[in-house]
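Asker: Please read through the structure below; I'll follow up with questions.
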Amino acid sequence: MSPVPPPGPPPPHEGASAELLARVPKLLEAMRSVGSGLGLHSTLNRICETAADLAHARYAAIGVVAEDGEGLADFVHHGVDEATVRRVGHLPDGHKGLLGALIREPEPVRLTDLTEDPRSCGFPEHHPPMRSFLGVPVRVRGEIFGNLYLTDKHAGEPFNDYDLAMVRVLATEAGIAIGNARLYEAAQQRERWIDGSVAVTTALLAGGDTDDALQIVAEQARRLSGAAAGMVLLPADGGGLEIVAVDAPRPTNALGAVIPPENGIVTELLAGRPVFVDDATTDPRLDDGPARCYGPVMLLPLRRDGKILGCLVLPRARGDRPFTRTERALGDRFASQAALALTMAEAQRDRERLAVYEDRDRIARDLHDLVIQRLFATGMMLESAQRRSAVPEVRDGVGGAVDELDVTIQELRSAIFALQQPAEAPTGLRTRVLREITMAAVPLGFTPSHRFVGPVDTAVGDLTGKNLIAALRETLSNAFRHARAGRIEVVVDAAVTLPDGRPGVRLTVADDGVGVPEGGRRSGLHNLERRAESVGGTSRLGPGIGADGAGTTVLWEAPY
């Protein structure tokens with residue numbers, strides 16, 4: 001290895017002035033090029049290309065040192081075509097060889113033949129041959145960001161003092177440009193996370209189903225973090241954490257899975273401590289979890305006022321880069337904001353439920369104190385009139401009216417009793433379906449007809465039943481808002497056999513409305529499909545029950 005001169009211009013010798021003067025305009029142009037633009041990755045590409053052109057090198061690269069100082073977090077290269085990169089198979093990780101030595105000792109290195117250096121560990125198969133080498137550290141605000149590497153001058157000679165001096169100047173300018181690009185990228189990243197937090201808060205406070213609220217949290221978190229999936233877990237009844245919402249590009253069977261309480265990660269999360277895993281395939285704590293097939297994982301507790309509401313799991317694909325310190329901090333803030341929004345949304349729903357309970361109590365009191373008393377008084381008046389009447393037909397007619405009043409009073413008392421029962425009392429699937437139909441009757445202006453087939457209450461599992469109720473609610477809501485239907489038929493059939501041979505339950509909601517318009521919004525239909533896929537089922541549309549098939553029929557089915 002040739003000695004590296006101290007910083008500054010190379011020592012003068014014959015012809016030095018002419019060569020230096022010839023390079024200065026090119027150096028200035030290179031500095032201008034490096035400083036243009038704010039995208040970090042595009043800046044790194046531009047630095048590599050500019051450095052190679054300035055030093056007449058065939059190949060150039062920048063190795064970005066990982067945050068922990070161990071190895072490379074990124075490797076941007078110039079001069080090697082994509083086909084060769086694919087044949088080589090993987091980029092350097094900086095844990096060994098000459099690149100690893102430069103990370104541990106970030107000083108300029110210049111070699112005539114890098115293959116003869118004792119620190120070199122050789123090239124992988126299909127790697128292009130390289131001889132001369134020049135490495136210069138790149139510092140950003142005094143800290144090592146990475147190293148700039150140049151190999152193989154076009155003329156075949158080794159890199160000289162002028163190459164080193166020029167590349168040093170370029171590395172200094174590159175550090176400034178990288179610092180600006182990092183600041184810009186960090187600002188953009190924070191802005192995206194803030195916008196995502198606002199979107200979550202707005203959606204949650206807009207009301208709606210709790211499951212939909214949790215799904216929104218999973219979707220936004222996955223989008224913002226660049227994860228391969230987003231999962232929300234809540235404390236399970238028997239301990240541990242249950243996956244209650246999943247957002248992933250492909251259907252998954254993770255929904256409903258429970259991570260046992262004895263798992264070390266569950267203990268950490270329920271204690272309010274975030275957990276970061278570099279590789280889920282090798283971490284023993286994720287042996288039984290749904291994140292086992294992923295790479296880096298970020299697990300964030302959803303905590304508010306010392307209470308753990310659940311946790312947010314964001315896994316990346318195998319081989320993907322780990323989450324940076326900035327991403328971890330932003331993710332943790334997002335989880336705190338999501339927990340706050342969930343708490344506020346739950347408080348809002350509690351207030352709405354309380355208002356409903358108070359209204360139901362008022363209605364029950366009015367029915368008991370006013371309506372029943374008046375009906376009872378009317379019945380007594382009719383009985384008195386019946387006794388005074390001498391016409392048999394009149395007495396029989398009045399007697400029939402009195403009997404009808406008695407039946408009406410009994411029905412009113414049953415309705416009053418039902419109004420006074422807590423809405424959250426455990427109920428079967430049949431009762432929950434009837435409740436949704438009754439609630440939908442108010443905005444619709446009529447009560448949809450209904451029919452049950454098979455062991456609805458005993459055969460359908462809790463997870464499938466919960467999604468079926470959500471699908472029914474979504475379908476009835478769509479019928480009210482868009483279909484303009486005059487008739488709706490609801491059928492819950494728990495005796496069907498699915499196309500794959502499994503026993504299952506089918507929800508059919510048919511109307512005689514206007515049908516699904518072309519080009520209209522289909523978010524509700526997408527929700528139905530997503531819910532069915534989450535439990536291994538399907539959702540599809542068919543013709544309605546109006547004349548000539550007018551309207552729409554929604555078929556939603558899933559295994560028990």
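We label chains A, B, ... in the order they appear in the structure tokens, count residues from 1 in each chain, and number ligands from 1 in the order shown.
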Find the spatial neighbours of Ala485 (chain A), counting only C-alpha atoms, within a cut-off of 12 Å - ignore same-chain residues fewer than 3 positions away - and output them as a PyMOL selection string.

Answerer: chain A and resi 443-448+476-482+488-489+509-516+544-546+550-553

Asker: Identify, on the basis of only C-alpha atoms, every residue whose closest approach to Ile265 (chain A) does not exceed 9 Å; exclude the query and any residue fewer than 5 positions from it along the same chain; express the result as a short mmCIF file (atom, residue, chain, number, x, y, z; two decimals) with N, CA, C and O atoms, in the first residue's frame.

Answerer:
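This is the output file around-v2.cif:
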```cif
data_model
loop_
_atom_site.label_atom_id
_atom_site.label_comp_id
_atom_site.auth_asym_id
_atom_site.auth_seq_id
_atom_site.Cartn_x
_atom_site.Cartn_y
_atom_site.Cartn_z
N LEU A 270 -46.42 -5.86 26.95
CA LEU A 270 -47.42 -5.56 27.97
C LEU A 270 -46.84 -4.71 29.09
O LEU A 270 -47.58 -4.09 29.86
N VAL A 275 -40.19 -3.39 21.08
CA VAL A 275 -39.23 -4.46 20.76
C VAL A 275 -38.86 -4.34 19.29
O VAL A 275 -39.74 -4.19 18.43
N ARG A 285 -37.74 -15.88 20.09
CA ARG A 285 -38.99 -15.39 20.67
C ARG A 285 -40.13 -15.38 19.67
O ARG A 285 -41.30 -15.26 20.05
N LEU A 286 -39.83 -15.47 18.38
CA LEU A 286 -40.85 -15.42 17.34
C LEU A 286 -41.12 -16.78 16.72
O LEU A 286 -41.65 -16.88 15.62
N LEU A 299 -42.05 -3.94 16.86
CA LEU A 299 -43.23 -4.21 17.68
C LEU A 299 -43.38 -3.06 18.67
O LEU A 299 -42.51 -2.83 19.51
#
```

Asker: Separation of CA of Arg303 (chain A) and CA of Ala335 (chain A), in Å?

Answerer: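 Between these atoms lies a distance of 7.8 Å.
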
Asker: What does the distance between CA of Gly549 (chain A) and CA of Gly537 (chain A) come to in Å, to one decimal place?

Answerer: 25.2 Å

Asker: Which residues, written as a PDB file with N, CA and C atoms, in the first residue's frame, have at least one atom at most 12 Å from Val492 (chain A), with only C-alpha atoms counted and residues fewer than 5 positions away on the same chain left out?

Answerer:
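Saved to result.pdb:
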```pdb
ATOM      1  N   LEU A 429     -75.321 -15.663  17.595  1.00  0.00           N
ATOM      2  CA  LEU A 429     -75.224 -15.040  16.285  1.00  0.00           C
ATOM      3  C   LEU A 429     -76.604 -14.666  15.754  1.00  0.00           C
ATOM      4  N   ARG A 430     -77.606 -15.519  15.997  1.00  0.00           N
ATOM      5  CA  ARG A 430     -78.952 -15.248  15.524  1.00  0.00           C
ATOM      6  C   ARG A 430     -79.472 -13.934  16.114  1.00  0.00           C
ATOM      7  N   THR A 431     -79.268 -13.751  17.409  1.00  0.00           N
ATOM      8  CA  THR A 431     -79.739 -12.528  18.069  1.00  0.00           C
ATOM      9  C   THR A 431     -79.016 -11.305  17.532  1.00  0.00           C
ATOM     10  N   ARG A 432     -77.723 -11.445  17.310  1.00  0.00           N
ATOM     11  CA  ARG A 432     -76.956 -10.304  16.782  1.00  0.00           C
ATOM     12  C   ARG A 432     -77.402  -9.939  15.370  1.00  0.00           C
ATOM     13  N   VAL A 433     -77.713 -10.940  14.556  1.00  0.00           N
ATOM     14  CA  VAL A 433     -78.226 -10.661  13.210  1.00  0.00           C
ATOM     15  C   VAL A 433     -79.554  -9.916  13.297  1.00  0.00           C
ATOM     16  N   LEU A 434     -80.456 -10.385  14.174  1.00  0.00           N
ATOM     17  CA  LEU A 434     -81.748  -9.724  14.333  1.00  0.00           C
ATOM     18  C   LEU A 434     -81.577  -8.289  14.829  1.00  0.00           C
ATOM     19  N   SER A 449     -86.743  -8.631   5.557  1.00  0.00           N
ATOM     20  CA  SER A 449     -87.140  -9.988   5.936  1.00  0.00           C
ATOM     21  C   SER A 449     -85.887 -10.815   6.222  1.00  0.00           C
ATOM     22  N   HIS A 450     -86.052 -11.879   7.003  1.00  0.00           N
ATOM     23  CA  HIS A 450     -84.880 -12.666   7.373  1.00  0.00           C
ATOM     24  C   HIS A 450     -85.251 -14.144   7.484  1.00  0.00           C
ATOM     25  N   ARG A 451     -84.233 -14.982   7.350  1.00  0.00           N
ATOM     26  CA  ARG A 451     -84.435 -16.428   7.460  1.00  0.00           C
ATOM     27  C   ARG A 451     -83.113 -17.057   7.900  1.00  0.00           C
ATOM     28  N   PHE A 452     -83.198 -18.041   8.799  1.00  0.00           N
ATOM     29  CA  PHE A 452     -82.015 -18.741   9.290  1.00  0.00           C
ATOM     30  C   PHE A 452     -82.106 -20.209   8.902  1.00  0.00           C
ATOM     31  N   VAL A 453     -80.965 -20.774   8.493  1.00  0.00           N
ATOM     32  CA  VAL A 453     -80.892 -22.179   8.101  1.00  0.00           C
ATOM     33  C   VAL A 453     -79.719 -22.818   8.831  1.00  0.00           C
ATOM     34  N   GLY A 454     -79.957 -23.974   9.439  1.00  0.00           N
ATOM     35  CA  GLY A 454     -78.876 -24.701  10.076  1.00  0.00           C
ATOM     36  C   GLY A 454     -78.549 -24.196  11.471  1.00  0.00           C
ATOM     37  N   PRO A 455     -77.519 -24.793  12.094  1.00  0.00           N
ATOM     38  CA  PRO A 455     -77.150 -24.460  13.485  1.00  0.00           C
ATOM     39  C   PRO A 455     -76.358 -23.147  13.553  1.00  0.00           C
ATOM     40  N   VAL A 456     -77.032 -22.038  13.366  1.00  0.00           N
ATOM     41  CA  VAL A 456     -76.368 -20.731  13.289  1.00  0.00           C
ATOM     42  C   VAL A 456     -75.639 -20.402  14.584  1.00  0.00           C
ATOM     43  N   ASP A 457     -76.294 -20.634  15.734  1.00  0.00           N
ATOM     44  CA  ASP A 457     -75.706 -20.239  17.018  1.00  0.00           C
ATOM     45  C   ASP A 457     -74.607 -21.179  17.486  1.00  0.00           C
ATOM     46  N   VAL A 460     -71.197 -21.747  14.091  1.00  0.00           N
ATOM     47  CA  VAL A 460     -70.349 -20.653  13.603  1.00  0.00           C
ATOM     48  C   VAL A 460     -69.447 -20.151  14.727  1.00  0.00           C
ATOM     49  N   GLY A 465     -68.210 -15.345  13.065  1.00  0.00           N
ATOM     50  CA  GLY A 465     -69.454 -14.652  13.386  1.00  0.00           C
ATOM     51  C   GLY A 465     -69.269 -13.149  13.489  1.00  0.00           C
ATOM     52  N   LEU A 468     -68.997 -11.852  10.040  1.00  0.00           N
ATOM     53  CA  LEU A 468     -70.287 -11.938   9.347  1.00  0.00           C
ATOM     54  C   LEU A 468     -71.195 -10.771   9.763  1.00  0.00           C
ATOM     55  N   ILE A 469     -71.219 -10.453  11.053  1.00  0.00           N
ATOM     56  CA  ILE A 469     -72.033  -9.328  11.525  1.00  0.00           C
ATOM     57  C   ILE A 469     -71.534  -8.026  10.905  1.00  0.00           C
ATOM     58  N   ALA A 471     -69.996  -7.728   8.069  1.00  0.00           N
ATOM     59  CA  ALA A 471     -70.365  -7.757   6.652  1.00  0.00           C
ATOM     60  C   ALA A 471     -71.849  -7.431   6.476  1.00  0.00           C
ATOM     61  N   LEU A 472     -72.698  -7.950   7.361  1.00  0.00           N
ATOM     62  CA  LEU A 472     -74.131  -7.639   7.304  1.00  0.00           C
ATOM     63  C   LEU A 472     -74.363  -6.149   7.517  1.00  0.00           C
ATOM     64  N   GLY A 504     -69.392 -24.451   6.054  1.00  0.00           N
ATOM     65  CA  GLY A 504     -69.287 -23.024   6.296  1.00  0.00           C
ATOM     66  C   GLY A 504     -70.641 -22.375   6.460  1.00  0.00           C
ATOM     67  N   VAL A 505     -70.603 -21.041   6.562  1.00  0.00           N
ATOM     68  CA  VAL A 505     -71.808 -20.247   6.715  1.00  0.00           C
ATOM     69  C   VAL A 505     -71.867 -19.246   5.565  1.00  0.00           C
ATOM     70  N   ARG A 506     -73.070 -19.021   5.048  1.00  0.00           N
ATOM     71  CA  ARG A 506     -73.242 -18.088   3.935  1.00  0.00           C
ATOM     72  C   ARG A 506     -74.259 -17.013   4.333  1.00  0.00           C
ATOM     73  N   LEU A 507     -73.866 -15.789   4.161  1.00  0.00           N
ATOM     74  CA  LEU A 507     -74.761 -14.648   4.362  1.00  0.00           C
ATOM     75  C   LEU A 507     -75.201 -14.153   2.990  1.00  0.00           C
ATOM     76  N   THR A 508     -76.502 -14.071   2.790  1.00  0.00           N
ATOM     77  CA  THR A 508     -77.054 -13.559   1.537  1.00  0.00           C
ATOM     78  C   THR A 508     -77.926 -12.350   1.853  1.00  0.00           C
ATOM     79  N   VAL A 509     -77.610 -11.231   1.231  1.00  0.00           N
ATOM     80  CA  VAL A 509     -78.400 -10.013   1.396  1.00  0.00           C
ATOM     81  C   VAL A 509     -78.811  -9.555  -0.003  1.00  0.00           C
ATOM     82  N   ALA A 510     -80.085  -9.650  -0.317  1.00  0.00           N
ATOM     83  CA  ALA A 510     -80.592  -9.320  -1.651  1.00  0.00           C
ATOM     84  C   ALA A 510     -81.569  -8.154  -1.562  1.00  0.00           C
ATOM     85  N   VAL A 554     -75.684  -9.775  -2.453  1.00  0.00           N
ATOM     86  CA  VAL A 554     -74.336  -9.959  -1.924  1.00  0.00           C
ATOM     87  C   VAL A 554     -74.267 -11.337  -1.276  1.00  0.00           C
ATOM     88  N   LEU A 555     -73.310 -12.149  -1.736  1.00  0.00           N
ATOM     89  CA  LEU A 555     -73.082 -13.476  -1.153  1.00  0.00           C
ATOM     90  C   LEU A 555     -71.750 -13.439  -0.415  1.00  0.00           C
ATOM     91  N   TRP A 556     -71.788 -13.627   0.880  1.00  0.00           N
ATOM     92  CA  TRP A 556     -70.588 -13.592   1.732  1.00  0.00           C
ATOM     93  C   TRP A 556     -70.517 -14.920   2.467  1.00  0.00           C
ATOM     94  N   GLU A 557     -69.443 -15.671   2.265  1.00  0.00           N
ATOM     95  CA  GLU A 557     -69.374 -16.976   2.895  1.00  0.00           C
ATOM     96  C   GLU A 557     -67.968 -17.247   3.426  1.00  0.00           C
ATOM     97  N   ALA A 558     -67.908 -18.049   4.473  1.00  0.00           N
ATOM     98  CA  ALA A 558     -66.631 -18.354   5.117  1.00  0.00           C
ATOM     99  C   ALA A 558     -66.760 -19.669   5.875  1.00  0.00           C
TER     100      ALA A 558
END
```

Asker: Using DSSP on the backbone coordinates, identify all residues within region 239-467 of chain A classified as alpha helix (DSSP H); present the result as a PyMOL selection string.

Answerer: chain A and resi 264-270+325-366+373-388+392-419+429-444+456-459+462-467

Asker: To one decimal in Å, tell me the separation between CA of His90 (chain A) and CA of Arg119 (chain A).

Answerer: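 The value is 20.1 Å.
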
Asker: Restricting the calculation to only C-alpha atoms, which member of A:Ala227, A:Phe123, A:Leu111, A:Arg413 is positioned closest to Ile372 (chain A)?

Answerer: A:Arg413

Asker: Using only C-alpha atoms, which residues sit within 8 Å of Gly97 (chain A) once same-chain residues fewer than 2 positions away are excluded, as a ChimeraX atom specification?

Answerer: /A:94-95,99-101,119-122

Asker: Restricted to all heavy atoms, what would the selected residues look like written as a PDB file, in the first residue's frame?

Answerer:
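Listing of again.pdb after writing:
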```
ATOM      1  N   GLY A  94     -19.885  -5.337   4.311  1.00  0.00           N
ATOM      2  CA  GLY A  94     -18.925  -4.584   5.102  1.00  0.00           C
ATOM      3  C   GLY A  94     -18.497  -5.242   6.399  1.00  0.00           C
ATOM      4  O   GLY A  94     -17.840  -4.603   7.231  1.00  0.00           O
ATOM      5  N   HIS A  95     -18.836  -6.509   6.600  1.00  0.00           N
ATOM      6  CA  HIS A  95     -18.457  -7.168   7.847  1.00  0.00           C
ATOM      7  C   HIS A  95     -17.048  -7.762   7.787  1.00  0.00           C
ATOM      8  O   HIS A  95     -16.492  -8.140   8.824  1.00  0.00           O
ATOM      9  CB  HIS A  95     -19.455  -8.281   8.180  1.00  0.00           C
ATOM     10  CG  HIS A  95     -20.787  -7.759   8.609  1.00  0.00           C
ATOM     11  ND1 HIS A  95     -20.973  -7.035   9.769  1.00  0.00           N
ATOM     12  CD2 HIS A  95     -22.021  -7.833   8.028  1.00  0.00           C
ATOM     13  CE1 HIS A  95     -22.243  -6.694   9.892  1.00  0.00           C
ATOM     14  NE2 HIS A  95     -22.909  -7.158   8.846  1.00  0.00           N
ATOM     15  N   LEU A  99     -13.370  -3.623   2.765  1.00  0.00           N
ATOM     16  CA  LEU A  99     -14.433  -2.668   3.091  1.00  0.00           C
ATOM     17  C   LEU A  99     -14.715  -2.651   4.592  1.00  0.00           C
ATOM     18  O   LEU A  99     -14.985  -1.588   5.167  1.00  0.00           O
ATOM     19  CB  LEU A  99     -15.715  -3.014   2.325  1.00  0.00           C
ATOM     20  CG  LEU A  99     -15.616  -3.036   0.799  1.00  0.00           C
ATOM     21  CD1 LEU A  99     -16.997  -3.143   0.183  1.00  0.00           C
ATOM     22  CD2 LEU A  99     -14.900  -1.795   0.276  1.00  0.00           C
ATOM     23  N   GLY A 100     -14.650  -3.803   5.223  1.00  0.00           N
ATOM     24  CA  GLY A 100     -14.823  -3.853   6.670  1.00  0.00           C
ATOM     25  C   GLY A 100     -13.697  -3.139   7.390  1.00  0.00           C
ATOM     26  O   GLY A 100     -13.917  -2.457   8.405  1.00  0.00           O
ATOM     27  N   ALA A 101     -12.454  -3.282   6.878  1.00  0.00           N
ATOM     28  CA  ALA A 101     -11.317  -2.581   7.493  1.00  0.00           C
ATOM     29  C   ALA A 101     -11.473  -1.073   7.387  1.00  0.00           C
ATOM     30  O   ALA A 101     -11.116  -0.329   8.312  1.00  0.00           O
ATOM     31  CB  ALA A 101     -10.022  -3.039   6.823  1.00  0.00           C
ATOM     32  N   ARG A 119      -5.728  -7.491   3.811  1.00  0.00           N
ATOM     33  CA  ARG A 119      -7.087  -7.316   4.328  1.00  0.00           C
ATOM     34  C   ARG A 119      -8.145  -7.776   3.329  1.00  0.00           C
ATOM     35  O   ARG A 119      -9.312  -7.914   3.684  1.00  0.00           O
ATOM     36  CB  ARG A 119      -7.325  -5.842   4.679  1.00  0.00           C
ATOM     37  CG  ARG A 119      -6.450  -5.333   5.809  1.00  0.00           C
ATOM     38  CD  ARG A 119      -6.542  -3.831   5.942  1.00  0.00           C
ATOM     39  NE  ARG A 119      -5.959  -3.151   4.785  1.00  0.00           N
ATOM     40  CZ  ARG A 119      -5.839  -1.827   4.655  1.00  0.00           C
ATOM     41  NH1 ARG A 119      -6.260  -1.053   5.643  1.00  0.00           N
ATOM     42  NH2 ARG A 119      -5.304  -1.299   3.575  1.00  0.00           N
ATOM     43  N   SER A 120      -7.754  -7.970   2.085  1.00  0.00           N
ATOM     44  CA  SER A 120      -8.711  -8.361   1.061  1.00  0.00           C
ATOM     45  C   SER A 120      -9.108  -9.821   1.244  1.00  0.00           C
ATOM     46  O   SER A 120      -8.278 -10.678   1.553  1.00  0.00           O
ATOM     47  CB  SER A 120      -8.103  -8.155  -0.327  1.00  0.00           C
ATOM     48  OG  SER A 120      -8.993  -8.598  -1.319  1.00  0.00           O
ATOM     49  N   CYS A 121     -10.393 -10.119   1.056  1.00  0.00           N
ATOM     50  CA  CYS A 121     -10.884 -11.490   1.189  1.00  0.00           C
ATOM     51  C   CYS A 121     -11.317 -12.068  -0.148  1.00  0.00           C
ATOM     52  O   CYS A 121     -11.994 -13.093  -0.205  1.00  0.00           O
ATOM     53  CB  CYS A 121     -12.034 -11.549   2.192  1.00  0.00           C
ATOM     54  SG  CYS A 121     -13.470 -10.561   1.733  1.00  0.00           S
ATOM     55  N   GLY A 122     -10.942 -11.398  -1.246  1.00  0.00           N
ATOM     56  CA  GLY A 122     -11.267 -11.902  -2.566  1.00  0.00           C
ATOM     57  C   GLY A 122     -12.645 -11.488  -3.030  1.00  0.00           C
ATOM     58  O   GLY A 122     -13.431 -10.914  -2.277  1.00  0.00           O
TER      59      GLY A 122
END
```

Asker: Quick one: everything within 12 Å of Met344 (chain A), counting only C-alpha atoms, minus sequence neighbours fewer than 2 positions away in the same chain. Send it as a list in words.

Answerer: Val200, Thr201, Thr202, Ala203, Leu204, Leu205, Ala206, Gly207, Ala213, Arg304, Gln337, Ala338, Ala339, Leu340, Ala341, Leu342, Glu346, Ala347, Gln348, Arg349, Asp350 and Arg351 of chain A

Asker: Please produce a file of those selected residues containing C-alpha atoms, as a tab-separated table (two decimals), in the first residue's frame.

Answerer:
```
chain	number	residue	atom	x	y	z
A	200	VAL	CA	-55.93	7.75	11.63
A	201	THR	CA	-57.30	10.22	14.19
A	202	THR	CA	-59.82	11.63	11.72
A	203	ALA	CA	-61.02	8.20	10.66
A	204	LEU	CA	-61.36	6.91	14.21
A	205	LEU	CA	-63.23	9.95	15.49
A	206	ALA	CA	-65.58	9.84	12.51
A	207	GLY	CA	-67.29	6.91	14.22
A	213	ALA	CA	-60.83	1.50	13.29
A	304	ARG	CA	-52.08	5.62	26.91
A	337	GLN	CA	-50.97	8.87	18.65
A	338	ALA	CA	-52.96	5.86	17.48
A	339	ALA	CA	-53.49	4.78	21.09
A	340	LEU	CA	-54.72	8.27	21.95
A	341	ALA	CA	-57.08	8.24	18.96
A	342	LEU	CA	-58.39	4.79	19.92
A	346	GLU	CA	-63.81	4.57	22.51
A	347	ALA	CA	-64.79	7.44	24.83
A	348	GLN	CA	-66.89	8.91	22.04
A	349	ARG	CA	-68.59	5.56	21.47
A	350	ASP	CA	-69.18	5.27	25.24
A	351	ARG	CA	-70.90	8.66	25.21
```

Asker: Quick one: everything within 7 Å of region 38-54 of chain A, counting only C-alpha atoms, minus sequence neighbours fewer than 4 positions away in the same chain. Send it as a PyMOL selection string.

Answerer: chain A and resi 26-27+30+34+58-62+76-78+150+167+174+178+180-182+184-185

Asker: For Pro301 (chain A), which residue among A:Asp283, A:Glu268, A:Asp493, A:Asp113 is the nearest when counting only C-alpha atoms?

Answerer: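 Looking only at the distances to Pro301 (chain A), the closest residue turns out to be A:Glu268.
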
Asker: Residues within 10 Å of Gly89 (chain A), please, as an mmCIF file with all heavy atoms, in the first residue's frame. Count only C-alpha atoms; anything in the same chain fewer than 4 positions from it doesn't count.

Answerer:
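Contents of around_13.cif, freshly written:
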```cif
data_model
loop_
_atom_site.group_PDB
_atom_site.id
_atom_site.type_symbol
_atom_site.label_atom_id
_atom_site.label_comp_id
_atom_site.auth_asym_id
_atom_site.auth_seq_id
_atom_site.Cartn_x
_atom_site.Cartn_y
_atom_site.Cartn_z
ATOM 1 N N THR A 84 -24.764 -8.220 -14.287
ATOM 2 C CA THR A 84 -23.638 -8.695 -13.482
ATOM 3 C C THR A 84 -23.985 -8.686 -12.008
ATOM 4 O O THR A 84 -23.638 -9.605 -11.263
ATOM 5 C CB THR A 84 -22.398 -7.827 -13.737
ATOM 6 O OG1 THR A 84 -22.076 -7.860 -15.130
ATOM 7 C CG2 THR A 84 -21.213 -8.319 -12.929
ATOM 8 N N VAL A 85 -24.698 -7.637 -11.574
ATOM 9 C CA VAL A 85 -25.104 -7.560 -10.166
ATOM 10 C C VAL A 85 -25.982 -8.752 -9.800
ATOM 11 O O VAL A 85 -25.823 -9.352 -8.730
ATOM 12 C CB VAL A 85 -25.842 -6.226 -9.891
ATOM 13 C CG1 VAL A 85 -26.446 -6.227 -8.490
ATOM 14 C CG2 VAL A 85 -24.904 -5.048 -10.060
ATOM 15 N N PRO A 124 -16.432 -12.489 -4.919
ATOM 16 C CA PRO A 124 -17.332 -13.621 -5.157
ATOM 17 C C PRO A 124 -17.354 -13.986 -6.638
ATOM 18 O O PRO A 124 -16.850 -13.248 -7.496
ATOM 19 C CB PRO A 124 -18.695 -13.084 -4.688
ATOM 20 C CG PRO A 124 -18.589 -11.603 -4.805
ATOM 21 C CD PRO A 124 -17.156 -11.271 -4.525
ATOM 22 N N GLU A 125 -17.942 -15.116 -6.921
ATOM 23 C CA GLU A 125 -18.029 -15.592 -8.307
ATOM 24 C C GLU A 125 -18.811 -14.592 -9.156
ATOM 25 O O GLU A 125 -19.767 -13.969 -8.680
ATOM 26 C CB GLU A 125 -18.708 -16.960 -8.326
ATOM 27 C CG GLU A 125 -18.685 -17.642 -9.681
ATOM 28 C CD GLU A 125 -19.341 -19.013 -9.645
ATOM 29 O OE1 GLU A 125 -19.848 -19.383 -8.562
ATOM 30 O OE2 GLU A 125 -19.362 -19.685 -10.690
ATOM 31 N N HIS A 126 -18.396 -14.409 -10.396
ATOM 32 C CA HIS A 126 -19.001 -13.505 -11.382
ATOM 33 C C HIS A 126 -18.685 -12.035 -11.127
ATOM 34 O O HIS A 126 -19.153 -11.171 -11.873
ATOM 35 C CB HIS A 126 -20.528 -13.686 -11.445
ATOM 36 C CG HIS A 126 -20.971 -15.089 -11.709
ATOM 37 N ND1 HIS A 126 -20.603 -15.781 -12.855
ATOM 38 C CD2 HIS A 126 -21.733 -15.935 -10.965
ATOM 39 C CE1 HIS A 126 -21.134 -16.989 -12.813
ATOM 40 N NE2 HIS A 126 -21.813 -17.111 -11.677
ATOM 41 N N HIS A 127 -17.932 -11.735 -10.068
ATOM 42 C CA HIS A 127 -17.577 -10.335 -9.795
ATOM 43 C C HIS A 127 -16.536 -9.883 -10.812
ATOM 44 O O HIS A 127 -15.582 -10.603 -11.102
ATOM 45 C CB HIS A 127 -17.026 -10.201 -8.367
ATOM 46 C CG HIS A 127 -16.967 -8.792 -7.872
ATOM 47 N ND1 HIS A 127 -16.030 -7.883 -8.313
ATOM 48 C CD2 HIS A 127 -17.726 -8.124 -6.961
ATOM 49 C CE1 HIS A 127 -16.214 -6.735 -7.700
ATOM 50 N NE2 HIS A 127 -17.240 -6.847 -6.867
#
```

Asker: Residues of region 64-167 of chain A in strand (DSSP E) according to DSSP, as JSON, numbers by chain?

Answerer: {"A": [64, 65, 72, 73, 74, 75, 76, 77, 78, 109, 110, 111, 133, 134, 135, 136, 137, 138, 139, 140, 143, 144, 145, 146, 147, 148, 149, 150, 151, 152, 153]}
